[in-house]
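Asks: For reference, this is my_file.cif, and it has mmCIF, C-alpha atoms.
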data_data
loop_
_atom_site.label_atom_id
_atom_site.label_comp_id
_atom_site.auth_asym_id
_atom_site.auth_seq_id
_atom_site.Cartn_x
_atom_site.Cartn_y
_atom_site.Cartn_z
CA MET A 26 -154.63 -82.19 24.06
CA LYS A 27 -155.07 -85.35 26.09
CA GLU A 28 -151.57 -86.52 26.91
CA ASN A 29 -150.81 -90.21 27.19
CA TYR A 30 -147.86 -90.40 29.53
CA PRO A 31 -145.45 -93.29 28.99
CA SER A 32 -144.81 -93.41 32.74
CA LYS A 33 -146.95 -92.86 35.83
CA LEU A 34 -143.93 -91.30 37.57
CA LEU A 35 -143.53 -88.83 34.73
CA GLU A 36 -147.23 -88.00 34.81
CA GLU A 37 -147.13 -87.36 38.57
CA ALA A 38 -144.10 -85.10 38.23
CA VAL A 39 -145.75 -83.16 35.40
CA ASP A 40 -148.93 -82.78 37.49
CA ALA A 41 -146.87 -81.50 40.41
CA ILE A 42 -144.88 -79.00 38.32
CA SER A 43 -147.95 -77.76 36.46
CA SER A 44 -149.59 -76.94 39.80
CA LEU A 45 -147.23 -73.95 39.96
CA PRO A 46 -148.87 -70.67 38.91
CA GLY A 47 -148.34 -69.83 35.25
CA VAL A 48 -146.89 -73.25 34.37
CA GLY A 49 -148.93 -75.29 31.88
CA LYS A 50 -148.74 -79.02 31.18
CA ARG A 51 -146.51 -78.52 28.17
CA THR A 52 -143.92 -76.46 30.06
CA ALA A 53 -144.17 -78.86 33.00
CA LEU A 54 -143.36 -81.80 30.72
CA ARG A 55 -140.38 -79.92 29.30
CA LEU A 56 -139.10 -79.16 32.82
CA ALA A 57 -139.71 -82.73 34.05
CA LEU A 58 -137.74 -84.17 31.12
CA HIS A 59 -135.00 -81.61 31.75
CA LEU A 60 -134.76 -82.70 35.40
CA LEU A 61 -134.67 -86.31 34.25
CA ARG A 62 -131.55 -85.57 32.22
CA GLN A 63 -129.73 -83.98 35.18
CA PRO A 64 -127.43 -85.89 37.52
CA SER A 65 -129.28 -87.36 40.50
CA GLU A 66 -127.46 -85.17 43.03
CA LYS A 67 -128.44 -82.01 41.15
CA VAL A 68 -132.11 -82.96 41.24
CA HIS A 69 -131.88 -83.73 44.95
CA ALA A 70 -130.18 -80.37 45.57
CA PHE A 71 -133.08 -78.75 43.70
CA THR A 72 -135.85 -80.47 45.67
CA GLY A 73 -133.87 -80.19 48.91
CA ALA A 74 -133.60 -76.40 48.58
CA ILE A 75 -137.38 -76.17 48.17
CA ASP A 76 -138.09 -78.53 51.08
CA ARG A 77 -135.71 -76.62 53.35
CA LEU A 78 -137.26 -73.29 52.36
CA ARG A 79 -140.72 -74.56 53.30
CA ASP A 80 -139.65 -76.35 56.49
CA GLU A 81 -137.04 -74.08 57.99
CA VAL A 82 -137.82 -70.52 57.01
CA HIS A 83 -139.15 -68.19 59.71
CA TYR A 84 -141.34 -65.14 59.59
CA CYS A 85 -139.99 -62.19 61.58
CA SER A 86 -141.94 -61.98 64.85
CA THR A 87 -142.16 -58.20 64.44
CA CYS A 88 -142.74 -57.43 60.77
CA ARG A 89 -143.70 -60.91 59.40
CA MET A 90 -140.97 -60.73 56.78
CA VAL A 91 -139.38 -63.98 55.59
CA SER A 92 -136.24 -64.54 57.62
CA ASP A 93 -133.77 -67.24 58.68
CA THR A 94 -133.97 -66.01 62.27
CA LEU A 95 -136.81 -65.17 64.64
CA GLU A 96 -136.25 -61.45 64.11
CA CYS A 97 -135.37 -60.39 60.58
CA ALA A 98 -132.19 -58.58 59.54
CA ILE A 99 -134.04 -55.29 59.06
CA CYS A 100 -135.88 -55.26 62.40
CA SER A 101 -132.68 -56.20 64.25
CA ASP A 102 -130.55 -53.59 62.47
CA PRO A 103 -129.90 -50.75 64.99
CA SER A 104 -129.22 -48.25 62.20
CA ARG A 105 -132.80 -48.46 60.82
CA ASP A 106 -135.21 -45.64 61.67
CA ARG A 107 -137.70 -47.14 64.17
CA GLY A 108 -140.06 -44.21 63.70
CA LYS A 109 -141.16 -45.38 60.26
CA ILE A 110 -143.19 -48.47 59.37
CA CYS A 111 -143.76 -49.15 55.69
CA VAL A 112 -146.85 -51.33 55.16
CA VAL A 113 -146.57 -53.68 52.18
CA GLU A 114 -148.54 -56.56 50.77
CA ASN A 115 -145.81 -59.17 50.51
CA VAL A 116 -142.18 -60.20 50.76
CA ARG A 117 -141.40 -59.18 47.19
CA ASP A 118 -142.53 -55.61 47.88
CA VAL A 119 -139.99 -55.34 50.72
CA MET A 120 -137.28 -56.57 48.36
CA SER A 121 -138.33 -54.05 45.70
CA ILE A 122 -138.23 -51.11 48.12
CA GLU A 123 -134.94 -52.29 49.64
CA ALA A 124 -133.48 -52.44 46.13
CA THR A 125 -134.12 -48.69 45.71
CA GLY A 126 -131.82 -47.93 48.66
CA GLN A 127 -134.08 -44.95 49.47
CA TYR A 128 -135.83 -46.20 52.60
CA HIS A 129 -134.23 -46.77 55.99
CA GLY A 130 -137.22 -47.45 58.24
CA LEU A 131 -138.94 -50.70 59.18
CA TYR A 132 -141.61 -52.72 57.36
CA HIS A 133 -144.83 -54.52 58.07
CA VAL A 134 -145.77 -57.35 55.70
CA LEU A 135 -149.55 -57.82 55.53
CA GLY A 136 -149.36 -61.19 53.76
CA GLY A 137 -152.03 -60.13 51.27
CA ILE A 138 -154.58 -57.44 50.64
CA ILE A 139 -158.24 -57.05 51.60
CA SER A 140 -160.22 -58.53 48.73
CA PRO A 141 -163.88 -59.47 49.14
CA ILE A 142 -163.77 -61.19 45.73
CA ALA A 143 -160.85 -63.43 46.73
CA GLY A 144 -162.43 -63.93 50.16
CA VAL A 145 -159.57 -62.19 51.99
CA GLY A 146 -160.74 -60.16 54.99
CA PRO A 147 -158.77 -58.04 57.50
CA SER A 148 -158.48 -61.00 59.91
CA ASP A 149 -156.61 -63.02 57.26
CA LEU A 150 -153.85 -60.41 57.25
CA THR A 151 -151.37 -59.24 59.90
CA ILE A 152 -153.29 -55.99 60.50
CA GLY A 153 -153.90 -56.89 64.17
CA ASP A 154 -150.14 -57.32 64.66
CA LEU A 155 -149.53 -53.92 63.09
CA VAL A 156 -152.04 -52.23 65.42
CA LYS A 157 -150.35 -53.90 68.42
CA ARG A 158 -146.94 -52.74 67.15
CA VAL A 159 -148.17 -49.16 66.90
CA ALA A 160 -149.86 -49.38 70.33
CA SER A 161 -146.70 -50.68 72.00
CA PHE A 162 -144.63 -47.98 70.26
CA ARG A 163 -146.96 -45.41 71.78
CA GLU A 164 -146.80 -47.02 75.23
CA SER A 165 -143.02 -47.14 75.23
CA ALA A 166 -142.84 -43.48 74.20
CA VAL A 167 -141.77 -41.01 76.86
CA GLU A 168 -144.69 -40.04 79.16
CA GLY A 169 -146.41 -36.85 77.97
CA ASP A 170 -144.47 -36.89 74.71
CA ASP A 171 -147.55 -37.81 72.68
CA ASP A 172 -146.05 -36.46 69.50
CA SER A 173 -143.06 -38.80 69.40
CA ASP A 174 -142.65 -39.40 65.70
CA LEU A 175 -144.24 -42.49 64.20
CA GLU A 176 -145.02 -42.56 60.53
CA VAL A 177 -146.92 -45.39 58.85
CA ILE A 178 -146.31 -45.43 55.11
CA PHE A 179 -148.77 -47.28 52.89
CA ALA A 180 -146.88 -48.87 50.00
CA LEU A 181 -149.82 -50.83 48.59
CA SER A 182 -151.00 -51.33 45.05
CA GLY A 183 -152.90 -48.43 43.49
CA ASP A 184 -156.12 -50.33 42.78
CA THR A 185 -159.36 -50.41 44.75
CA GLU A 186 -158.19 -53.29 46.92
CA GLY A 187 -154.99 -51.47 47.84
CA GLU A 188 -156.88 -48.30 48.68
CA THR A 189 -159.51 -50.21 50.68
CA THR A 190 -156.77 -51.91 52.69
CA ALA A 191 -154.95 -48.65 53.35
CA PHE A 192 -158.19 -46.97 54.42
CA TYR A 193 -159.12 -49.85 56.72
CA ILE A 194 -155.73 -49.73 58.44
CA TYR A 195 -155.85 -45.93 58.59
CA ARG A 196 -159.12 -46.19 60.54
CA GLN A 197 -157.67 -48.80 62.92
CA LEU A 198 -154.69 -46.55 63.65
CA LEU A 199 -156.70 -43.35 64.25
CA PRO A 200 -156.66 -43.69 68.09
CA TYR A 201 -152.85 -43.78 68.07
CA LYS A 202 -152.42 -40.47 66.28
CA VAL A 203 -149.70 -41.66 63.92
CA LYS A 204 -148.62 -39.79 60.85
CA THR A 205 -149.77 -41.70 57.75
CA SER A 206 -148.56 -41.35 54.19
CA ALA A 207 -148.78 -43.22 50.93
CA LEU A 208 -146.46 -43.74 47.97
CA ALA A 209 -146.44 -40.86 45.52
CA ARG A 210 -148.29 -41.71 42.33
CA GLY A 211 -147.65 -39.94 39.08
CA LEU A 212 -145.77 -40.29 35.85
CA GLY A 213 -142.83 -42.66 35.96
CA PHE A 214 -139.33 -41.20 35.77
CA GLY A 215 -138.68 -40.45 32.10
CA ASP A 216 -142.28 -41.20 31.06
CA ASP A 217 -143.78 -39.43 28.08
CA LEU A 218 -147.06 -37.53 28.66
CA GLU A 219 -148.38 -38.90 25.41
CA TYR A 220 -148.41 -42.49 26.66
CA ALA A 221 -149.58 -41.92 30.23
CA ASP A 222 -153.08 -43.13 31.12
CA GLU A 223 -155.60 -40.46 32.06
CA VAL A 224 -155.98 -41.38 35.73
CA THR A 225 -152.23 -41.31 36.34
CA LEU A 226 -151.81 -38.04 34.45
CA GLY A 227 -154.80 -36.54 36.28
CA ARG A 228 -153.34 -37.49 39.67
CA SER A 229 -149.98 -36.12 38.61
CA ILE A 230 -151.60 -32.74 38.03
CA ILE A 231 -153.56 -32.76 41.30
CA ASN A 232 -150.51 -33.84 43.30
CA ARG A 233 -148.11 -31.54 41.47
CA GLN A 234 -144.93 -30.72 43.36
CA VAL A 235 -143.11 -27.50 44.09
CA PHE A 236 -140.63 -26.79 41.31
CA SER A 237 -137.77 -24.67 42.56
CA PRO A 238 -134.46 -25.25 40.82
CA GLN A 239 -131.55 -23.79 42.72
CA MET B 18 -130.83 -56.15 39.29
CA LYS B 19 -128.81 -57.35 42.25
CA GLU B 20 -131.30 -58.95 44.61
CA ASN B 21 -130.75 -58.76 48.34
CA TYR B 22 -132.51 -61.78 49.70
CA PRO B 23 -133.96 -61.51 53.19
CA SER B 24 -133.21 -65.19 53.77
CA LYS B 25 -130.42 -67.54 52.71
CA LEU B 26 -132.98 -70.36 52.42
CA LEU B 27 -135.06 -68.26 50.04
CA GLU B 28 -131.99 -67.36 48.00
CA GLU B 29 -130.98 -71.02 47.69
CA ALA B 30 -134.48 -72.03 46.60
CA VAL B 31 -134.56 -69.21 44.02
CA ASP B 32 -131.14 -70.29 42.71
CA ALA B 33 -132.36 -73.88 42.41
CA ILE B 34 -135.59 -72.94 40.62
CA SER B 35 -133.88 -70.50 38.27
CA SER B 36 -131.52 -73.28 37.18
CA LEU B 37 -134.47 -74.68 35.20
CA PRO B 38 -134.36 -73.78 31.49
CA GLY B 39 -136.36 -70.67 30.64
CA VAL B 40 -136.91 -69.67 34.28
CA GLY B 41 -135.35 -66.36 35.32
CA LYS B 42 -134.61 -65.09 38.83
CA ARG B 43 -137.78 -63.03 38.93
CA THR B 44 -140.05 -65.95 38.03
CA ALA B 45 -138.10 -68.21 40.38
CA LEU B 46 -138.72 -65.79 43.26
CA ARG B 47 -142.42 -65.70 42.44
CA LEU B 48 -142.56 -69.51 42.40
CA ALA B 49 -140.52 -69.84 45.62
CA LEU B 50 -142.85 -67.43 47.45
CA HIS B 51 -145.84 -69.30 46.04
CA LEU B 52 -144.47 -72.60 47.38
CA LEU B 53 -143.85 -70.92 50.73
CA ARG B 54 -147.55 -70.08 50.97
CA GLN B 55 -148.63 -73.67 50.29
CA PRO B 56 -149.29 -76.24 53.03
CA SER B 57 -146.19 -78.21 53.96
CA GLU B 58 -147.60 -81.53 52.71
CA LYS B 59 -148.34 -80.03 49.29
CA VAL B 60 -144.75 -78.83 48.92
CA HIS B 61 -143.44 -82.24 49.96
CA ALA B 62 -145.75 -83.93 47.46
CA PHE B 63 -144.29 -81.59 44.81
CA THR B 64 -140.64 -82.30 45.62
CA GLY B 65 -141.38 -86.00 46.25
CA ALA B 66 -142.87 -86.43 42.77
CA ILE B 67 -139.72 -84.95 41.23
CA ASP B 68 -137.38 -87.05 43.39
CA ARG B 69 -139.30 -90.22 42.56
CA LEU B 70 -139.25 -89.42 38.85
CA ARG B 71 -135.48 -89.04 38.92
CA ASP B 72 -134.78 -92.02 41.18
CA GLU B 73 -137.29 -94.62 40.03
CA VAL B 74 -137.99 -94.10 36.36
CA HIS B 75 -136.58 -96.62 33.91
CA TYR B 76 -135.58 -96.36 30.30
CA CYS B 77 -136.97 -99.15 28.14
CA SER B 78 -134.17 -101.63 27.47
CA THR B 79 -135.22 -101.87 23.82
CA CYS B 80 -136.22 -98.39 22.67
CA ARG B 81 -134.81 -96.19 25.51
CA MET B 82 -138.21 -94.61 26.10
CA VAL B 83 -139.08 -93.43 29.62
CA SER B 84 -140.99 -96.20 31.34
CA ASP B 85 -142.02 -97.47 34.78
CA THR B 86 -140.96 -100.97 33.80
CA LEU B 87 -137.85 -102.48 32.19
CA GLU B 88 -139.64 -102.82 28.86
CA CYS B 89 -141.96 -99.96 27.94
CA ALA B 90 -145.69 -100.29 27.25
CA ILE B 91 -145.19 -99.83 23.50
CA CYS B 92 -142.40 -102.41 23.07
CA SER B 93 -144.33 -104.95 25.15
CA ASP B 94 -147.63 -104.40 23.31
CA PRO B 95 -148.14 -107.46 21.04
CA SER B 96 -150.47 -105.49 18.73
CA ARG B 97 -147.71 -103.08 17.62
CA ASP B 98 -146.10 -103.63 14.22
CA ARG B 99 -142.58 -104.93 14.95
CA GLY B 100 -141.50 -104.26 11.38
CA LYS B 101 -141.39 -100.50 11.87
CA ILE B 102 -138.97 -98.51 14.02
CA CYS B 103 -139.54 -94.77 14.22
CA VAL B 104 -136.33 -92.94 15.20
CA VAL B 105 -136.93 -89.81 17.30
CA GLU B 106 -134.80 -87.39 19.24
CA ASN B 107 -136.55 -87.52 22.60
CA VAL B 108 -139.40 -88.73 24.80
CA ARG B 109 -141.64 -85.79 23.89
CA ASP B 110 -141.46 -86.73 20.19
CA VAL B 111 -142.80 -90.21 20.99
CA MET B 112 -145.68 -88.62 22.92
CA SER B 113 -146.42 -86.26 20.02
CA ILE B 114 -146.51 -89.07 17.45
CA GLU B 115 -148.57 -91.30 19.77
CA ALA B 116 -151.04 -88.45 20.18
CA THR B 117 -151.72 -88.50 16.42
CA GLY B 118 -152.97 -92.11 16.68
CA GLN B 119 -151.56 -92.70 13.15
CA TYR B 120 -148.55 -94.86 13.96
CA HIS B 121 -148.62 -98.42 15.24
CA GLY B 122 -144.98 -99.49 15.01
CA LEU B 123 -142.15 -99.25 17.54
CA TYR B 124 -139.81 -96.37 18.41
CA HIS B 125 -136.18 -95.71 19.07
CA VAL B 126 -135.32 -92.71 21.24
CA LEU B 127 -131.87 -91.30 20.40
CA GLY B 128 -131.68 -89.10 23.49
CA GLY B 129 -130.49 -86.14 21.46
CA ILE B 130 -129.24 -85.23 18.05
CA ILE B 131 -125.78 -85.05 16.48
CA SER B 132 -124.58 -81.49 17.02
CA PRO B 133 -120.91 -80.57 16.70
CA ILE B 134 -121.69 -77.11 18.12
CA ALA B 135 -123.27 -78.56 21.28
CA GLY B 136 -120.53 -81.19 21.43
CA VAL B 137 -122.92 -84.10 20.89
CA GLY B 138 -121.44 -86.90 18.79
CA PRO B 139 -122.92 -90.22 17.63
CA SER B 140 -121.48 -92.05 20.66
CA ASP B 141 -123.48 -89.78 23.00
CA LEU B 142 -126.69 -91.11 21.48
CA THR B 143 -128.31 -94.55 21.40
CA ILE B 144 -127.36 -95.10 17.75
CA GLY B 145 -125.29 -98.18 18.62
CA ASP B 146 -128.32 -99.73 20.33
CA LEU B 147 -130.41 -99.06 17.24
CA VAL B 148 -127.87 -100.74 14.96
CA LYS B 149 -127.84 -103.78 17.31
CA ARG B 150 -131.65 -103.85 17.26
CA VAL B 151 -131.69 -103.87 13.48
CA ALA B 152 -128.93 -106.50 13.36
CA SER B 153 -130.77 -108.80 15.75
CA PHE B 154 -134.02 -108.30 13.80
CA ARG B 155 -132.18 -109.46 10.68
CA GLU B 156 -130.64 -112.47 12.49
CA SER B 157 -133.97 -113.60 13.88
CA ALA B 158 -135.58 -113.34 10.45
CA VAL B 159 -136.36 -116.61 8.68
CA GLU B 160 -133.29 -118.08 6.97
CA GLY B 161 -133.08 -116.97 3.33
CA ASP B 162 -135.91 -114.51 3.79
CA ASP B 163 -133.61 -111.51 3.46
CA ASP B 164 -136.44 -109.24 2.48
CA SER B 165 -138.45 -109.62 5.67
CA ASP B 166 -139.91 -106.18 6.11
CA LEU B 167 -138.11 -103.75 8.40
CA GLU B 168 -138.68 -100.05 7.93
CA VAL B 169 -136.74 -97.41 9.83
CA ILE B 170 -138.59 -94.08 9.85
CA PHE B 171 -136.63 -90.92 10.60
CA ALA B 172 -138.84 -88.52 12.54
CA LEU B 173 -136.15 -85.96 13.30
CA SER B 174 -136.19 -82.19 13.13
CA GLY B 175 -135.93 -80.63 9.68
CA ASP B 176 -132.75 -78.64 10.33
CA THR B 177 -129.15 -79.47 9.43
CA GLU B 178 -128.58 -81.36 12.68
CA GLY B 179 -131.64 -83.54 12.11
CA GLU B 180 -130.59 -84.29 8.54
CA THR B 181 -127.00 -85.01 9.58
CA THR B 182 -128.21 -87.43 12.23
CA ALA B 183 -130.57 -89.19 9.83
CA PHE B 184 -127.81 -89.48 7.23
CA TYR B 185 -125.31 -90.84 9.76
CA ILE B 186 -127.78 -93.52 10.91
CA TYR B 187 -128.73 -94.29 7.31
CA ARG B 188 -125.08 -95.08 6.57
CA GLN B 189 -124.76 -97.25 9.68
CA LEU B 190 -127.81 -99.25 8.63
CA LEU B 191 -126.77 -99.77 4.99
CA PRO B 192 -125.36 -103.30 5.57
CA TYR B 193 -128.72 -104.47 6.93
CA LYS B 194 -130.72 -103.52 3.85
CA VAL B 195 -133.61 -101.94 5.73
CA LYS B 196 -136.19 -99.74 4.14
CA THR B 197 -135.69 -96.16 5.33
CA SER B 198 -138.12 -93.27 5.18
CA ALA B 199 -138.51 -89.81 6.67
CA LEU B 200 -141.44 -87.68 7.75
CA ALA B 201 -143.19 -85.92 4.88
CA ARG B 202 -142.41 -82.20 4.83
CA GLY B 203 -144.66 -79.69 3.18
CA LEU B 204 -147.38 -77.21 3.91
CA GLY B 205 -149.26 -77.81 7.13
CA PHE B 206 -152.85 -78.99 6.94
CA GLY B 207 -154.97 -75.90 6.21
CA ASP B 208 -151.94 -73.68 5.62
CA ASP B 209 -152.19 -70.75 3.25
CA LEU B 210 -149.66 -70.62 0.39
CA GLU B 211 -149.23 -66.92 0.99
CA TYR B 212 -147.69 -67.41 4.42
CA ALA B 213 -145.55 -70.48 3.73
CA ASP B 214 -141.79 -69.97 3.78
CA GLU B 215 -140.00 -70.53 0.47
CA VAL B 216 -138.07 -73.66 1.46
CA THR B 217 -141.20 -75.42 2.71
CA LEU B 218 -143.21 -74.40 -0.35
CA GLY B 219 -140.34 -75.42 -2.63
CA ARG B 220 -140.15 -78.87 -1.04
CA SER B 221 -143.92 -79.20 -1.24
CA ILE B 222 -143.70 -78.77 -5.01
CA ILE B 223 -140.78 -81.18 -5.43
CA ASN B 224 -142.45 -83.80 -3.25
CA ARG B 225 -145.91 -83.31 -4.73
CA GLN B 226 -148.27 -86.23 -4.29
CA VAL B 227 -150.56 -88.09 -6.64
CA PHE B 228 -153.95 -86.44 -6.63
CA SER B 229 -156.65 -88.93 -7.56
CA PRO B 230 -160.01 -88.31 -5.97
CA GLN B 231 -162.35 -91.29 -6.26
#
With the file now loaded, output its structure as structure tokens.
Replies:
Amino acid sequence: MKENYPSKLLEEAVDAISSLPGVGKRTALRLALHLLRQPSEKVHAFTGAIDRLRDEVHYCSTCRMVSDTLECAICSDPSRDRGKICVVENVRDVMSIEATGQYHGLYHVLGGIISPIAGVGPSDLTIGDLVKRVASFRESAVEGDDDSDLEVIFALSGDTEGETTAFYIYRQLLPYKVKTSALARGLGFGDDLEYADEVTLGRSIINRQVFSPQ
Amino acid sequence: MKENYPSKLLEEAVDAISSLPGVGKRTALRLALHLLRQPSEKVHAFTGAIDRLRDEVHYCSTCRMVSDTLECAICSDPSRDRGKICVVENVRDVMSIEATGQYHGLYHVLGGIISPIAGVGPSDLTIGDLVKRVASFRESAVEGDDDSDLEVIFALSGDTEGETTAFYIYRQLLPYKVKTSALARGLGFGDDLEYADEVTLGRSIINRQVFSPQ
């Protein structure tokens, strides 16, 4: 439907809002008219919060996580296990893993995933930074103690792109003799066998775990 | 899920975005992280368009439609039929009717609908302005020509609130002896009888139209 906007200002706002992913023109118009009905100060608080986010946010100099400070809260927390680096695609993945409360190591945010189709290569990601991190961990380790524990955990998506990225990084880290692991894949907690897809169920059988109730 | 935001700035932006109707925290986070990945000037263009909409847009002094000028493009168009005023709830309704290309009169935007549940009464709407418009139309009509054509068309929603609002305005306009009409209700164009709800089908029978093919 060709819209005939009654106002150029309205049209520009709708264009701006509909540039967001997953927001069509119709929703954008609804949101623009909603904002128009709000008090001026509320709209300015809305746009101000977005401007400040874009202008003032930092990325942690170590793990590239979004942060208000140069080093993020996780990297600067002395209680976190420095012998573990969990490699994730993006900021949301860190938040998801943190929400489980099950992980107490550090992170490394790649800022994407290797995808030839999307034109994303290794140099577009923070893989070089990760290799340097691992190298400097090794250098700072006690002389002769080559086995000081460093585990790199791949928490990437389970598709080809995720596996390609994990494999690429794995190869880059080979000289540093780190322990590498990946997220367990299998049936979800409480999942029914009947509804599981074949690949997941197949992997669940191959990667079956020791069952030893006390 | 209690989110633990890695950054106060991110949290504030997510709060702002999720204050939009129909946008949850999860979507807001996705949109905030999307904006964070955009070039700075693109984000400022986004927020600037919204700020300008809120700060600079006008409402037509006659019909209360959104406009860049004091009188909107429709009210100031000499080719529109000044003897017809179509009463609608909001700006979007004007755009929908304009998109049909079937109406060439003027509009009056109420800015809402009478809803005791939502606490919206007649004085919260532009009903008073409409009554003044009709009164001044009558005054400017040629002396003694009491029947000069003025039709007020109710294009409001078909629920109780829409009908209440139309009835309230109808009563307010009684002294001015205007012609009043309402949108035809019935089966949609191409609709199947089988799937029509009973009320709509019932009204379609009561309001049946003359069928006289040439």
Asks: Taking the file as shown, find all residues satisfying the PyMOL selection byres ((chain B) within 8 of (chain A)) and write them as JSON, numbers by chain.
Replies: {"B": [19, 20, 21, 22, 23, 24, 25, 26, 27, 29, 30, 33, 34, 37, 38, 48, 49, 50, 51, 52, 53, 57, 60, 61, 62, 63, 64, 65, 66, 67, 68, 69, 70, 71, 72, 73, 74, 82, 83, 84, 85, 89, 90, 108, 112, 115, 116]}
Asks: For the residues in that selection, give me C-alpha atoms as an mmCIF file, in the coordinates of the input.
Replies:
data_model
loop_
_atom_site.group_PDB
_atom_site.id
_atom_site.type_symbol
_atom_site.label_atom_id
_atom_site.label_comp_id
_atom_site.auth_asym_id
_atom_site.auth_seq_id
_atom_site.Cartn_x
_atom_site.Cartn_y
_atom_site.Cartn_z
ATOM 1 C CA LYS B 19 -128.810 -57.350 42.250
ATOM 2 C CA GLU B 20 -131.300 -58.950 44.610
ATOM 3 C CA ASN B 21 -130.750 -58.760 48.340
ATOM 4 C CA TYR B 22 -132.510 -61.780 49.700
ATOM 5 C CA PRO B 23 -133.960 -61.510 53.190
ATOM 6 C CA SER B 24 -133.210 -65.190 53.770
ATOM 7 C CA LYS B 25 -130.420 -67.540 52.710
ATOM 8 C CA LEU B 26 -132.980 -70.360 52.420
ATOM 9 C CA LEU B 27 -135.060 -68.260 50.040
ATOM 10 C CA GLU B 29 -130.980 -71.020 47.690
ATOM 11 C CA ALA B 30 -134.480 -72.030 46.600
ATOM 12 C CA ALA B 33 -132.360 -73.880 42.410
ATOM 13 C CA ILE B 34 -135.590 -72.940 40.620
ATOM 14 C CA LEU B 37 -134.470 -74.680 35.200
ATOM 15 C CA PRO B 38 -134.360 -73.780 31.490
ATOM 16 C CA LEU B 48 -142.560 -69.510 42.400
ATOM 17 C CA ALA B 49 -140.520 -69.840 45.620
ATOM 18 C CA LEU B 50 -142.850 -67.430 47.450
ATOM 19 C CA HIS B 51 -145.840 -69.300 46.040
ATOM 20 C CA LEU B 52 -144.470 -72.600 47.380
ATOM 21 C CA LEU B 53 -143.850 -70.920 50.730
ATOM 22 C CA SER B 57 -146.190 -78.210 53.960
ATOM 23 C CA VAL B 60 -144.750 -78.830 48.920
ATOM 24 C CA HIS B 61 -143.440 -82.240 49.960
ATOM 25 C CA ALA B 62 -145.750 -83.930 47.460
ATOM 26 C CA PHE B 63 -144.290 -81.590 44.810
ATOM 27 C CA THR B 64 -140.640 -82.300 45.620
ATOM 28 C CA GLY B 65 -141.380 -86.000 46.250
ATOM 29 C CA ALA B 66 -142.870 -86.430 42.770
ATOM 30 C CA ILE B 67 -139.720 -84.950 41.230
ATOM 31 C CA ASP B 68 -137.380 -87.050 43.390
ATOM 32 C CA ARG B 69 -139.300 -90.220 42.560
ATOM 33 C CA LEU B 70 -139.250 -89.420 38.850
ATOM 34 C CA ARG B 71 -135.480 -89.040 38.920
ATOM 35 C CA ASP B 72 -134.780 -92.020 41.180
ATOM 36 C CA GLU B 73 -137.290 -94.620 40.030
ATOM 37 C CA VAL B 74 -137.990 -94.100 36.360
ATOM 38 C CA MET B 82 -138.210 -94.610 26.100
ATOM 39 C CA VAL B 83 -139.080 -93.430 29.620
ATOM 40 C CA SER B 84 -140.990 -96.200 31.340
ATOM 41 C CA ASP B 85 -142.020 -97.470 34.780
ATOM 42 C CA CYS B 89 -141.960 -99.960 27.940
ATOM 43 C CA ALA B 90 -145.690 -100.290 27.250
ATOM 44 C CA VAL B 108 -139.400 -88.730 24.800
ATOM 45 C CA MET B 112 -145.680 -88.620 22.920
ATOM 46 C CA GLU B 115 -148.570 -91.300 19.770
ATOM 47 C CA ALA B 116 -151.040 -88.450 20.180
#
Asks: Apply the PyMOL selection byres ((chain B and resi 132) around 10) to the structure shown and report the selected residues as a count of residues only.
Replies: 15
Asks: Of the residues A:Ser206, A:Tyr193, A:Asp174, A:Pro103, which is the one nearest to Gly153 (chain A), using only C-alpha atoms?
Replies: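 Closest candidate: A:Tyr193.
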Asks: Identify all residues satisfying the PyMOL selection byres ((chain B and resi 143) around 10) in the given file; provide them as a PyMOL selection string.
Replies: chain B and resi 80-81+106+125-130+139-142+144-148
Asks: Fewer than 5 positions away in the same chain doesn't count, so skip those; otherwise give me all residues within 10 Å of Ala201 (chain B), counting only C-alpha atoms, as a PyMOL selection string.
Replies: chain B and resi 172+220-221+224
Asks: Rank nothing, just name the residue among B:Val151, B:Ala213, B:Leu204, B:Leu167 nearest to Gln189 (chain B), using all atoms listed in the file.
Replies: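 Between B:Val151, B:Ala213, B:Leu204, B:Leu167, the residue approaching Gln189 (chain B) most closely is B:Val151.
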Asks: Which value, in Å to one decimal, gives the distance between CA of Leu208 (chain A) and CA of Lys157 (chain A)?
Replies: 23.2 Å
Asks: Got a sec: who's within 9 Å of region 119-122 of chain B, counting all atoms listed in the file, leaving out chain neighbours fewer than 4 positions off, as a ChimeraX atom specification?
Replies: /B:91-92,96-103,114-115
Asks: Find the distance between CA of Phe154 (chain B) and CA of Arg202 (chain B) and write it in Å to one decimal.
Replies: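 Calculated distance between CA of Phe154 (chain B) and CA of Arg202 (chain B) is 28.8 Å.
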Asks: So, with only C-alpha atoms as the atoms that count, which of B:Leu123, B:Val216, B:Ala152, B:Val227 lies closest to Asp176 (chain B)?
Replies: B:Val216
Asks: Just how far from CA of Asp118 (chain A) is CA of Asp222 (chain A), in Å to one decimal?
Replies: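 So the answer is 23.4 Å.
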Asks: Using only C-alpha atoms, which residue out of A:Ile231, A:Ala53, A:Cys85, A:Val113 lies closest to Gly183 (chain A)?
Replies: A:Val113
